[in-house]
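Novice: Coordinates in work_21.tsv, TSV, C-alpha atoms, are listed below.
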chain	number	residue	atom	x	y	z
A	253	MET	CA	-41.37	27.11	6.23
A	254	GLU	CA	-40.69	30.66	5.08
A	255	LYS	CA	-43.21	31.90	2.56
A	256	GLU	CA	-41.74	32.61	-0.86
A	257	LYS	CA	-41.30	36.33	-1.45
A	258	THR	CA	-43.12	38.15	-4.22
A	259	GLU	CA	-41.23	40.02	-6.93
A	260	ASN	CA	-42.10	43.32	-5.26
A	261	GLN	CA	-40.78	42.10	-1.91
A	262	LYS	CA	-37.51	41.05	-3.56
A	263	LYS	CA	-37.27	44.46	-5.22
A	264	LEU	CA	-37.95	46.14	-1.87
A	265	GLU	CA	-35.15	44.14	-0.23
A	266	GLN	CA	-32.76	45.42	-2.89
A	267	LEU	CA	-34.07	48.96	-2.54
A	268	ILE	CA	-33.43	48.88	1.23
A	269	LYS	CA	-29.82	47.79	0.65
A	270	GLU	CA	-29.29	50.64	-1.79
A	271	MET	CA	-31.05	53.18	0.44
A	272	LYS	CA	-28.92	52.33	3.47
A	273	LYS	CA	-25.79	53.10	1.43
A	274	CYS	CA	-27.16	56.50	0.37
A	275	ARG	CA	-24.96	59.51	1.20
A	276	HIS	CA	-26.72	61.93	-1.13
A	277	CYS	CA	-27.16	64.63	1.55
A	278	GLN	CA	-23.76	64.34	3.26
A	279	GLU	CA	-22.50	67.68	1.95
A	280	LYS	CA	-25.80	69.38	2.81
A	281	PHE	CA	-25.84	67.97	6.36
A	282	GLY	CA	-22.15	68.44	7.11
A	283	TYR	CA	-21.91	64.98	8.67
A	284	GLU	CA	-22.25	61.39	7.47
A	285	PRO	CA	-25.91	60.41	7.07
A	286	HIS	CA	-27.14	57.17	8.63
A	287	PRO	CA	-30.29	56.08	6.75
A	288	VAL	CA	-32.74	54.35	9.12
A	289	GLN	CA	-35.30	51.70	8.23
A	290	TRP	CA	-36.60	48.80	10.30
A	291	GLY	CA	-38.70	45.77	9.46
A	292	HIS	CA	-39.14	43.14	6.78
A	293	PRO	CA	-40.67	43.72	3.33
A	294	THR	CA	-43.28	41.12	4.39
A	295	ALA	CA	-44.48	43.05	7.47
A	296	LYS	CA	-48.20	43.55	8.09
A	297	ILE	CA	-48.10	47.29	8.89
A	298	MET	CA	-46.23	50.08	7.12
A	299	HIS	CA	-45.37	52.93	9.48
A	300	ILE	CA	-44.28	56.19	7.83
A	301	SER	CA	-43.05	59.17	9.86
A	302	GLN	CA	-40.95	62.31	9.33
A	303	ALA	CA	-37.26	61.58	9.95
A	304	PRO	CA	-35.02	60.03	12.61
A	305	SER	CA	-34.15	62.08	15.68
A	306	LYS	CA	-30.52	62.56	16.68
A	307	LYS	CA	-30.79	59.69	19.15
A	308	VAL	CA	-32.26	57.37	16.50
A	309	HIS	CA	-29.48	58.51	14.14
A	310	GLU	CA	-26.94	57.33	16.71
A	311	ILE	CA	-28.70	54.07	17.68
A	312	GLY	CA	-30.13	53.04	14.31
A	313	ARG	CA	-33.49	51.90	15.68
A	314	PRO	CA	-36.62	54.00	15.01
A	315	PHE	CA	-38.48	55.69	17.86
A	316	SER	CA	-35.74	54.98	20.41
A	317	ASP	CA	-36.67	58.20	22.20
A	318	LEU	CA	-39.46	59.76	24.29
A	319	SER	CA	-41.69	60.04	21.22
A	320	GLY	CA	-41.28	56.33	20.58
A	321	LYS	CA	-42.06	55.37	24.16
A	322	ARG	CA	-45.29	57.34	24.05
A	323	LEU	CA	-46.21	55.94	20.64
A	324	ARG	CA	-45.56	52.32	21.64
A	325	ASN	CA	-46.89	52.27	25.19
A	326	ASP	CA	-49.53	54.99	25.46
A	327	TRP	CA	-50.92	55.08	21.93
A	328	TYR	CA	-50.52	51.62	20.41
A	329	HIS	CA	-50.45	49.53	23.62
A	330	LEU	CA	-47.72	47.29	22.23
A	331	THR	CA	-44.87	45.64	24.04
A	332	GLU	CA	-41.35	46.46	22.88
A	333	GLU	CA	-41.14	42.98	21.36
A	334	GLN	CA	-44.38	43.47	19.41
A	335	PHE	CA	-43.42	46.96	18.32
A	336	TYR	CA	-39.98	46.01	16.99
A	337	ASN	CA	-40.90	42.60	15.61
A	338	PRO	CA	-39.79	43.01	11.96
A	339	ASP	CA	-42.66	40.80	10.80
A	340	ASN	CA	-45.19	43.14	12.43
A	341	ILE	CA	-44.19	46.67	11.43
A	342	TYR	CA	-42.09	48.10	8.62
A	343	PHE	CA	-40.79	51.47	9.83
A	344	THR	CA	-39.75	54.05	7.29
A	345	THR	CA	-39.72	57.83	6.95
A	346	VAL	CA	-40.11	60.52	4.31
A	347	GLY	CA	-36.54	61.52	5.24
A	348	HIS	CA	-34.41	58.52	6.17
A	349	CYS	CA	-31.65	60.45	7.95
A	350	PHE	CA	-31.45	62.88	10.87
A	351	PRO	CA	-31.64	66.29	9.13
A	352	GLY	CA	-29.94	68.31	11.87
A	353	LYS	CA	-31.21	70.90	14.33
A	354	GLY	CA	-32.84	74.16	13.30
A	355	LYS	CA	-34.25	77.11	15.19
A	356	ASN	CA	-35.56	76.69	18.75
A	357	ASN	CA	-33.95	73.23	18.92
A	358	TYR	CA	-36.49	71.74	16.50
A	359	ASP	CA	-35.28	69.19	13.99
A	360	LYS	CA	-35.03	70.55	10.46
A	361	LYS	CA	-37.41	69.29	7.81
A	362	PRO	CA	-36.03	66.35	5.82
A	363	PRO	CA	-34.86	67.02	2.24
A	364	LYS	CA	-37.71	66.48	-0.22
A	365	CYS	CA	-35.48	64.43	-2.51
A	366	CYS	CA	-35.47	61.51	-0.03
A	367	TYR	CA	-39.17	60.81	-0.49
A	368	ASP	CA	-38.82	60.80	-4.26
A	369	MET	CA	-35.66	58.70	-4.24
A	370	TRP	CA	-36.74	56.10	-1.72
A	371	THR	CA	-39.99	56.36	0.26
A	372	ARG	CA	-42.47	56.49	-2.60
A	373	HIS	CA	-40.88	53.36	-4.04
A	374	GLU	CA	-41.07	51.63	-0.65
A	375	ILE	CA	-44.80	52.39	-0.56
A	376	GLU	CA	-45.29	51.09	-4.10
A	377	LEU	CA	-43.44	47.83	-3.41
A	378	MET	CA	-44.86	47.04	0.06
A	379	ASP	CA	-47.48	44.58	-1.17
A	380	SER	CA	-47.78	42.65	2.12
A	381	CYS	CA	-49.11	45.73	3.92
A	382	GLN	CA	-52.55	45.44	5.53
A	383	LEU	CA	-52.49	48.83	7.26
A	384	TYR	CA	-50.68	52.15	6.78
A	385	LEU	CA	-49.90	54.48	9.68
A	386	ILE	CA	-48.75	57.99	8.73
A	387	VAL	CA	-47.29	59.85	11.70
A	388	GLY	CA	-46.81	63.62	11.76
A	389	GLY	CA	-47.68	66.54	9.52
A	390	GLU	CA	-44.53	66.39	7.44
A	391	ALA	CA	-45.08	62.76	6.45
A	392	ALA	CA	-48.78	63.38	5.83
A	393	SER	CA	-47.99	66.34	3.55
A	394	ARG	CA	-45.96	64.12	1.21
A	395	ILE	CA	-48.63	61.43	0.92
A	396	PHE	CA	-51.74	63.64	1.12
A	397	PRO	CA	-50.53	66.98	-0.31
A	398	LYS	CA	-52.61	70.13	0.14
A	399	GLU	CA	-54.72	68.58	2.91
A	400	LYS	CA	-54.68	69.85	6.49
A	401	LEU	CA	-53.35	67.56	9.21
A	402	LEU	CA	-56.39	68.14	11.42
A	403	ASP	CA	-58.73	67.01	8.65
A	404	LEU	CA	-56.57	64.00	7.85
A	405	VAL	CA	-56.37	62.80	11.47
A	406	PHE	CA	-60.13	62.54	11.90
A	407	LYS	CA	-60.92	60.86	8.57
A	408	ASP	CA	-60.52	57.26	7.42
A	409	HIS	CA	-58.30	56.89	4.35
A	410	THR	CA	-57.03	54.23	1.99
A	411	LEU	CA	-53.60	53.91	0.41
A	412	ASN	CA	-53.01	51.33	-2.30
A	413	GLY	CA	-56.46	50.00	-1.47
A	414	LYS	CA	-55.59	49.35	2.20
A	415	PRO	CA	-56.77	51.16	5.37
A	416	CYS	CA	-54.67	54.18	6.27
A	417	TYR	CA	-54.68	56.36	9.39
A	418	VAL	CA	-52.93	59.69	9.92
A	419	LEU	CA	-51.71	60.58	13.41
A	420	PRO	CA	-50.12	63.72	14.85
A	421	HIS	CA	-46.52	63.43	15.94
A	422	PRO	CA	-46.21	62.03	19.50
A	423	SER	CA	-43.36	64.41	20.38
A	424	PRO	CA	-43.50	66.18	23.77
A	425	LEU	CA	-43.08	69.38	21.74
A	426	ASN	CA	-46.57	68.78	20.34
A	427	MET	CA	-48.42	69.11	23.64
A	428	ASN	CA	-50.44	72.16	22.54
A	429	TRP	CA	-52.01	70.14	19.73
A	430	PHE	CA	-53.12	67.39	22.12
A	431	ARG	CA	-54.51	69.94	24.56
A	432	ASP	CA	-56.48	71.66	21.80
A	433	HIS	CA	-57.83	68.40	20.36
A	434	PRO	CA	-58.75	66.09	23.27
A	435	GLU	CA	-61.06	64.09	20.99
A	436	PHE	CA	-57.97	62.51	19.43
A	437	ALA	CA	-57.05	60.65	22.63
A	438	LYS	CA	-60.65	60.00	23.65
A	439	LYS	CA	-62.16	58.79	20.38
A	440	ARG	CA	-59.77	58.55	17.44
A	441	LEU	CA	-56.82	56.85	19.12
A	442	PRO	CA	-58.86	53.88	20.45
A	443	GLU	CA	-60.14	53.27	16.89
A	444	ILE	CA	-56.60	53.27	15.48
A	445	ARG	CA	-55.31	51.08	18.30
A	446	ALA	CA	-58.09	48.53	17.76
A	447	LYS	CA	-57.20	48.27	14.06
A	448	ILE	CA	-53.49	47.76	14.86
A	449	HIS	CA	-54.33	44.95	17.27
A	450	GLU	CA	-56.71	43.40	14.76
A	451	VAL	CA	-54.04	43.34	12.02
A	452	LEU	CA	-51.38	41.99	14.39
A	453	GLN	CA	-53.87	39.47	15.86
A	454	ILE	CA	-53.17	40.55	19.44
A	455	PRO	CA	-55.77	39.21	21.92
A	456	ASP	CA	-57.31	41.74	24.29
A	457	GLU	CA	-55.64	40.14	27.29
A	458	ASP	CA	-52.22	40.76	25.74
A	459	MET	CA	-52.71	44.49	25.45
A	460	VAL	CA	-50.35	46.77	27.36
A	461	GLU	CA	-52.28	49.01	29.73
Could you render the structure from this file as structure tokens?
Specialist:
Amino acid sequence: MEKEKTENQKKLEQLIKEMKKCRHCQEKFGYEPHPVQWGHPTAKIMHISQAPSKKVHEIGRPFSDLSGKRLRNDWYHLTEEQFYNPDNIYFTTVGHCFPGKGKNNYDKKPPKCCYDMWTRHEIELMDSCQLYLIVGGEAASRIFPKEKLLDLVFKDHTLNGKPCYVLPHPSPLNMNWFRDHPEFAKKRLPEIRAKIHEVLQIPDEDMVE
């Protein structure tokens, strides 16, 4: 039997419907925005990153790119089914739409209005969350302003009274950061992975190697 939803979860469902209709930045972007969000308001983990890539914009499923493959397989050791199970992870972003390409083929930063209009309310209403994962410097700067990404990555945090981890972005364009900070892969990542598996109740033998 499906568990009865809390008032916050009902409000979050309505917020998601409204957010996915949002076209606030259409004139700014020069194309029709496609707001992306994935997962149920009752999910165990809330996963907050920067903004969808162009490929995710076209497909509508978060992390459907090389960054996502690395995140799912190499970092989290989750199967595709576990990763995209809407009862496991609620995926959102501080900018819900692909913001376009900027200089040197990097994605532009998402408009700041999106976090204020949508994401901060998602965080407030996500009362089922047992663990927050903040991925990338842009997302971290909205939730932990004025703090350096390097400091955030190697500290334990709480958000709404729940455990919270900050990770660098898994993009192939971020290789210099990983080279300069090998302790992330050796020490910090196994700690984060263990917590994810604990929350999702994944036995050791089911881990993806």
Novice: Write out as a list of chain:residue names which residues come within 9 Å of range 392-401 of chain A when counting only C-alpha atoms, dropping same-chain ones fewer than 2 positions away.
Specialist: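 Once the adjacent positions are removed, what remains is A:Ile300, A:Ser301, A:Gln302, A:Val346, A:Lys364, A:Tyr367, A:Arg372, A:Ile386, A:Val387, A:Gly388, A:Gly389, A:Glu390, A:Asp403, A:Leu404, A:Val405, A:Phe406, A:Val418, A:Leu419, A:Pro420.
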Novice: Could you tell me how far CA of Gly291 in chain A sits from CA of Asn260 in chain A, in Å to one decimal place?
Specialist: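 Interatomic distance here is 15.3 Å.
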Novice: If I put a ball of radius 12 Å at (-43.7, 55.9, 19.6) in the file's coordinates, which residues poke into it when counting all atoms listed in the file, written as a count of residues only?
Specialist: 37
Novice: Separation of CA of Lys296 in chain A and CA of Cys381 in chain A, in Å?
Specialist: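 That distance, rounded to one decimal, is 4.8 Å.
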Novice: Report the distance between CA of Pro442 in chain A and CA of Met378 in chain A in Å, rounded to one decimal place.
Specialist: 25.7 Å
Novice: Could you pull the residues within 9 Å of Lys272 in chain A, counting only C-alpha atoms, minus those fewer than 4 positions along the same chain, as an mmCIF file with C-alpha atoms, in the frame of the given file?
Specialist:
data_model
loop_
_atom_site.group_PDB
_atom_site.id
_atom_site.type_symbol
_atom_site.label_atom_id
_atom_site.label_comp_id
_atom_site.auth_asym_id
_atom_site.auth_seq_id
_atom_site.Cartn_x
_atom_site.Cartn_y
_atom_site.Cartn_z
ATOM 1 C CA LEU A 267 -34.070 48.960 -2.540
ATOM 2 C CA ILE A 268 -33.430 48.880 1.230
ATOM 3 C CA HIS A 286 -27.140 57.170 8.630
ATOM 4 C CA PRO A 287 -30.290 56.080 6.750
ATOM 5 C CA VAL A 288 -32.740 54.350 9.120
ATOM 6 C CA GLN A 289 -35.300 51.700 8.230
ATOM 7 C CA HIS A 348 -34.410 58.520 6.170
#
Novice: Fewer than 4 positions away in the same chain doesn't count, so skip those; otherwise give me all residues within 12 Å of His276 in chain A, counting only C-alpha atoms, as a ChimeraX atom specification.
Specialist: /A:270-272,280-287,347-349,363-366,369-370
Novice: From the list A:Ala303, A:Arg440, A:Thr344, A:Asn356, which residue is nearest Glu374 in chain A when using only C-alpha atoms?
Specialist: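 Of the candidates, the smallest distance to Glu374 in chain A is held by A:Thr344.
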Novice: So, counting only C-alpha atoms, which residue among A:Leu402, A:Ile311, A:Leu425, A:Val451 is closest to Ile341 in chain A?
Specialist: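 Going through A:Leu402, A:Ile311, A:Leu425, A:Val451 one by one, the smallest distance to Ile341 in chain A is for A:Val451.
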Novice: Pick out the closest residue to Asp408 in chain A from this set: A:Glu376, A:Glu443, A:Glu256, A:Asp432. Count only C-alpha atoms.
Specialist: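 Using only C-alpha atoms, Asp408 in chain A sits closest to A:Glu443.
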Novice: Starting from 3 Å padding per side, set up an axis-aligned box that covers all listed atoms of range 255-272 of chain A and hand over centre and edge lengths in Å, one decimal, as AutoDock Vina command-line options.
Specialist:
--center_x -36.1 --center_y 42.5 --center_z -1.7 --size_x 20.3 --size_y 27.3 --size_z 16.4
Novice: What's the 8 Å shell around Thr294 in chain A, counting only C-alpha atoms, without same-chain residues fewer than 6 positions away, as a PyMOL selection string?
Specialist: chain A and resi 257+261+339+378-381
Novice: With all atoms listed in the file as the atoms that count, which of A:Ile297, A:Leu411, A:Gln278, A:Arg445 lies nearest to Phe350 in chain A?
Specialist: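 Smallest separation from Phe350 in chain A among the options: A:Gln278.
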